[in-house]
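Presented below is the structure to which this report refers.
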Amino acid sequence: MEEMMRDPNCAYCMQGDLVAKFAYPVGPMDTGYLYVFKEQSKRGRVVLAHNKHVGELIELTDEERNAFFADVAKVARAVHAVFHPDKVNYGAYGDTGHHLHFHIVPKYKGGEEWGGTFEMNSGRTILTDAEYEEMAEALRKALAEL
């Protein structure tokens with residue numbers, strides 16, 4: 001098996017304290033690792049980070065890309081099952097942090113930023129670790145059922 005590319009300065013590669021500043025662990029997926037994003041103004045917002053330290057989709061093989069998008073879709077199904085959003089938005093950013101990841105962001109009619117682009121990290125809604133764990137456990141259960 002090919003050794004995965006890692007960057008010792010990358011929060012997604014190193015996990016632990018670096019990623020804990022902005023994300024709470026849910027668990028491994030086939031192609032990456034799923035986190036609850038700590039800023040929860042859009043209830044149920046998660047991030048799926050690819051296993052490889054690559055900055056662009058074009059750095060993946062067709063098979064790797066297709067498998068990653070299958071995981072993105074699986075996560076979106078779990079988000080719909082647990083949080084019942086009216087719509088899910090997707091975002092892949094990385095101007096400064098060059099690790100491929102997708103924000104999977106539930107949106108609710110009449111809710112914050114409905115009809116517009118979601119703000120990256122407003123800092124408006126931060127939960128307790130117990131609340132993050134409750135969300136993570138609900139997502140783990142939904143993912144296991146898919």
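Just remember, in the structure tokens the first chain shown is A, the second B, etc., residues are 1-based per chain, and ligands are 1-based in the order shown.
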Exercise. Enumerate as a PyMOL selection string all residues of chain A assigned to strand (DSSP E) by DSSP on the backbone, naming them with the chain letters and numbers the document uses.
Key: chain A and resi 23-28+32-37+46-50+87-91+101-107
Save out the residues we just selected, C-alpha atoms, as a PDB file, in the first residue's frame.
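The resulting file, again-v1.pdb, is shown below:
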```pdb
ATOM      1  CA  ALA A  23     -12.894  20.731  14.927  1.00  0.00           C
ATOM      2  CA  TYR A  24     -14.169  17.809  17.007  1.00  0.00           C
ATOM      3  CA  PRO A  25     -13.453  14.231  15.840  1.00  0.00           C
ATOM      4  CA  VAL A  26     -16.236  12.041  14.481  1.00  0.00           C
ATOM      5  CA  GLY A  27     -14.101   9.292  12.987  1.00  0.00           C
ATOM      6  CA  PRO A  28     -12.404   7.797   9.956  1.00  0.00           C
ATOM      7  CA  GLY A  32     -10.450  10.700   5.056  1.00  0.00           C
ATOM      8  CA  TYR A  33     -11.380  11.785   8.541  1.00  0.00           C
ATOM      9  CA  LEU A  34     -14.658  13.427   9.533  1.00  0.00           C
ATOM     10  CA  TYR A  35     -14.948  16.248  12.065  1.00  0.00           C
ATOM     11  CA  VAL A  36     -17.726  18.355  13.534  1.00  0.00           C
ATOM     12  CA  PHE A  37     -16.731  21.951  12.832  1.00  0.00           C
ATOM     13  CA  VAL A  46     -18.860  19.074   9.410  1.00  0.00           C
ATOM     14  CA  VAL A  47     -15.525  18.847   7.599  1.00  0.00           C
ATOM     15  CA  LEU A  48     -14.187  15.829   5.737  1.00  0.00           C
ATOM     16  CA  ALA A  49     -10.392  15.964   5.325  1.00  0.00           C
ATOM     17  CA  HIS A  50      -8.715  13.656   2.816  1.00  0.00           C
ATOM     18  CA  LYS A  87     -30.231  22.330   1.885  1.00  0.00           C
ATOM     19  CA  VAL A  88     -26.603  21.334   2.264  1.00  0.00           C
ATOM     20  CA  ASN A  89     -23.863  23.602   0.917  1.00  0.00           C
ATOM     21  CA  TYR A  90     -20.373  22.354   0.103  1.00  0.00           C
ATOM     22  CA  GLY A  91     -17.130  24.296   0.270  1.00  0.00           C
ATOM     23  CA  HIS A 101     -11.033  19.061   2.722  1.00  0.00           C
ATOM     24  CA  PHE A 102     -14.725  19.736   2.176  1.00  0.00           C
ATOM     25  CA  HIS A 103     -17.017  21.708   4.438  1.00  0.00           C
ATOM     26  CA  ILE A 104     -20.452  20.101   4.421  1.00  0.00           C
ATOM     27  CA  VAL A 105     -22.750  22.822   5.695  1.00  0.00           C
ATOM     28  CA  PRO A 106     -26.452  22.365   6.486  1.00  0.00           C
ATOM     29  CA  LYS A 107     -28.619  25.401   5.763  1.00  0.00           C
TER      30      LYS A 107
END
```
Exercise. Enumerate as number ranges by chain all residues of range 7-93 of chain A assigned to alpha helix (DSSP H) by DSSP on the backbone, naming them with the chain letters and numbers the document uses.
Key: A: 11-14, 16-20, 62-83
Next, dump the selected residues to file, keeping only N, CA and C atoms, as an mmCIF file, in the first residue's frame.
```cif
data_model
loop_
_atom_site.group_PDB
_atom_site.id
_atom_site.type_symbol
_atom_site.label_atom_id
_atom_site.label_comp_id
_atom_site.auth_asym_id
_atom_site.auth_seq_id
_atom_site.Cartn_x
_atom_site.Cartn_y
_atom_site.Cartn_z
ATOM 1 N N ALA A 11 -2.737 20.715 10.410
ATOM 2 C CA ALA A 11 -3.686 20.275 11.440
ATOM 3 C C ALA A 11 -4.382 18.985 11.041
ATOM 4 N N TYR A 12 -4.792 18.869 9.780
ATOM 5 C CA TYR A 12 -5.506 17.663 9.348
ATOM 6 C C TYR A 12 -4.591 16.450 9.319
ATOM 7 N N CYS A 13 -3.337 16.622 8.963
ATOM 8 C CA CYS A 13 -2.397 15.501 8.958
ATOM 9 C C CYS A 13 -2.071 15.040 10.376
ATOM 10 N N MET A 14 -1.852 16.008 11.255
ATOM 11 C CA MET A 14 -1.367 15.691 12.594
ATOM 12 C C MET A 14 -2.487 15.409 13.590
ATOM 13 N N GLY A 16 -4.983 15.684 16.578
ATOM 14 C CA GLY A 16 -4.656 16.118 17.929
ATOM 15 C C GLY A 16 -4.964 17.573 18.216
ATOM 16 N N ASP A 17 -4.030 18.236 18.924
ATOM 17 C CA ASP A 17 -4.237 19.610 19.386
ATOM 18 C C ASP A 17 -4.420 20.611 18.257
ATOM 19 N N LEU A 18 -3.736 20.402 17.144
ATOM 20 C CA LEU A 18 -3.835 21.359 16.040
ATOM 21 C C LEU A 18 -5.255 21.434 15.491
ATOM 22 N N VAL A 19 -5.839 20.289 15.214
ATOM 23 C CA VAL A 19 -7.188 20.286 14.644
ATOM 24 C C VAL A 19 -8.243 20.565 15.716
ATOM 25 N N ALA A 20 -7.940 20.254 16.968
ATOM 26 C CA ALA A 20 -8.907 20.459 18.057
ATOM 27 C C ALA A 20 -9.237 21.934 18.270
ATOM 28 N N ASP A 62 -8.164 9.480 -10.545
ATOM 29 C CA ASP A 62 -9.613 9.454 -10.767
ATOM 30 C C ASP A 62 -10.301 8.581 -9.721
ATOM 31 N N GLU A 63 -9.703 7.448 -9.409
ATOM 32 C CA GLU A 63 -10.287 6.526 -8.432
ATOM 33 C C GLU A 63 -10.320 7.155 -7.034
ATOM 34 N N GLU A 64 -9.211 7.815 -6.655
ATOM 35 C CA GLU A 64 -9.170 8.472 -5.341
ATOM 36 C C GLU A 64 -10.206 9.587 -5.257
ATOM 37 N N ARG A 65 -10.315 10.375 -6.317
ATOM 38 C CA ARG A 65 -11.294 11.473 -6.341
ATOM 39 C C ARG A 65 -12.709 10.929 -6.237
ATOM 40 N N ASN A 66 -13.021 9.898 -7.022
ATOM 41 C CA ASN A 66 -14.366 9.330 -6.995
ATOM 42 C C ASN A 66 -14.699 8.743 -5.629
ATOM 43 N N ALA A 67 -13.735 8.102 -5.010
ATOM 44 C CA ALA A 67 -13.952 7.534 -3.676
ATOM 45 C C ALA A 67 -14.163 8.638 -2.641
ATOM 46 N N PHE A 68 -13.402 9.732 -2.768
ATOM 47 C CA PHE A 68 -13.565 10.851 -1.843
ATOM 48 C C PHE A 68 -14.958 11.460 -1.978
ATOM 49 N N PHE A 69 -15.408 11.662 -3.211
ATOM 50 C CA PHE A 69 -16.755 12.219 -3.404
ATOM 51 C C PHE A 69 -17.843 11.252 -2.937
ATOM 52 N N ALA A 70 -17.585 9.961 -3.006
ATOM 53 C CA ALA A 70 -18.539 8.994 -2.441
ATOM 54 C C ALA A 70 -18.646 9.196 -0.928
ATOM 55 N N ASP A 71 -17.501 9.459 -0.279
ATOM 56 C CA ASP A 71 -17.531 9.750 1.161
ATOM 57 C C ASP A 71 -18.239 11.070 1.450
ATOM 58 N N VAL A 72 -17.995 12.103 0.631
ATOM 59 C CA VAL A 72 -18.695 13.385 0.801
ATOM 60 C C VAL A 72 -20.204 13.159 0.730
ATOM 61 N N ALA A 73 -20.647 12.379 -0.249
ATOM 62 C CA ALA A 73 -22.079 12.100 -0.399
ATOM 63 C C ALA A 73 -22.615 11.308 0.792
ATOM 64 N N LYS A 74 -21.847 10.357 1.282
ATOM 65 C CA LYS A 74 -22.273 9.565 2.442
ATOM 66 C C LYS A 74 -22.429 10.460 3.671
ATOM 67 N N VAL A 75 -21.470 11.354 3.864
ATOM 68 C CA VAL A 75 -21.559 12.293 4.987
ATOM 69 C C VAL A 75 -22.791 13.184 4.834
ATOM 70 N N ALA A 76 -23.036 13.678 3.624
ATOM 71 C CA ALA A 76 -24.207 14.528 3.392
ATOM 72 C C ALA A 76 -25.498 13.774 3.711
ATOM 73 N N ARG A 77 -25.563 12.506 3.348
ATOM 74 C CA ARG A 77 -26.750 11.695 3.692
ATOM 75 C C ARG A 77 -26.925 11.614 5.215
ATOM 76 N N ALA A 78 -25.816 11.406 5.919
ATOM 77 C CA ALA A 78 -25.878 11.331 7.382
ATOM 78 C C ALA A 78 -26.306 12.666 7.973
ATOM 79 N N VAL A 79 -25.787 13.771 7.441
ATOM 80 C CA VAL A 79 -26.166 15.111 7.914
ATOM 81 C C VAL A 79 -27.664 15.328 7.698
ATOM 82 N N HIS A 80 -28.177 14.942 6.535
ATOM 83 C CA HIS A 80 -29.617 15.063 6.274
ATOM 84 C C HIS A 80 -30.416 14.215 7.262
ATOM 85 N N ALA A 81 -29.956 12.996 7.529
ATOM 86 C CA ALA A 81 -30.682 12.097 8.429
ATOM 87 C C ALA A 81 -30.721 12.617 9.865
ATOM 88 N N VAL A 82 -29.619 13.194 10.317
ATOM 89 C CA VAL A 82 -29.515 13.628 11.716
ATOM 90 C C VAL A 82 -30.089 15.029 11.931
ATOM 91 N N PHE A 83 -29.809 15.960 11.023
ATOM 92 C CA PHE A 83 -30.120 17.370 11.278
ATOM 93 C C PHE A 83 -31.278 17.926 10.446
#
```
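Between CA of Gly44 in chain A and CA of Leu139 in chain A there is a distance of 9.0 Å.
Between CA of Cys10 in chain A and CA of Glu56 in chain A the separation is 15.0 Å.
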Practice problem: For Gly111 in chain A, work out the shell of residues within 12 Å, counting only C-alpha atoms and skipping chain neighbours fewer than 4 positions away, then give it as a VMD selection string. | Solution: chain A and resid 41 to 43 85 to 87 106 to 107 115 to 116 118
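CA of Gly55 in chain A sits 5.0 Å away from CA of Leu100 in chain A.
The shortest atom-to-atom distance to Glu112 in chain A, with only C-alpha atoms taken into account, belongs to A:Gln40 out of A:Gln40, A:Thr61, A:Thr128, A:Asn51.
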Practice problem: Can you work out which one of A:Glu39, A:Asp30, A:His99, A:His84 has the shortest atom-to-atom distance to Pro8 in chain A, counting only C-alpha atoms? | Solution: A:His99
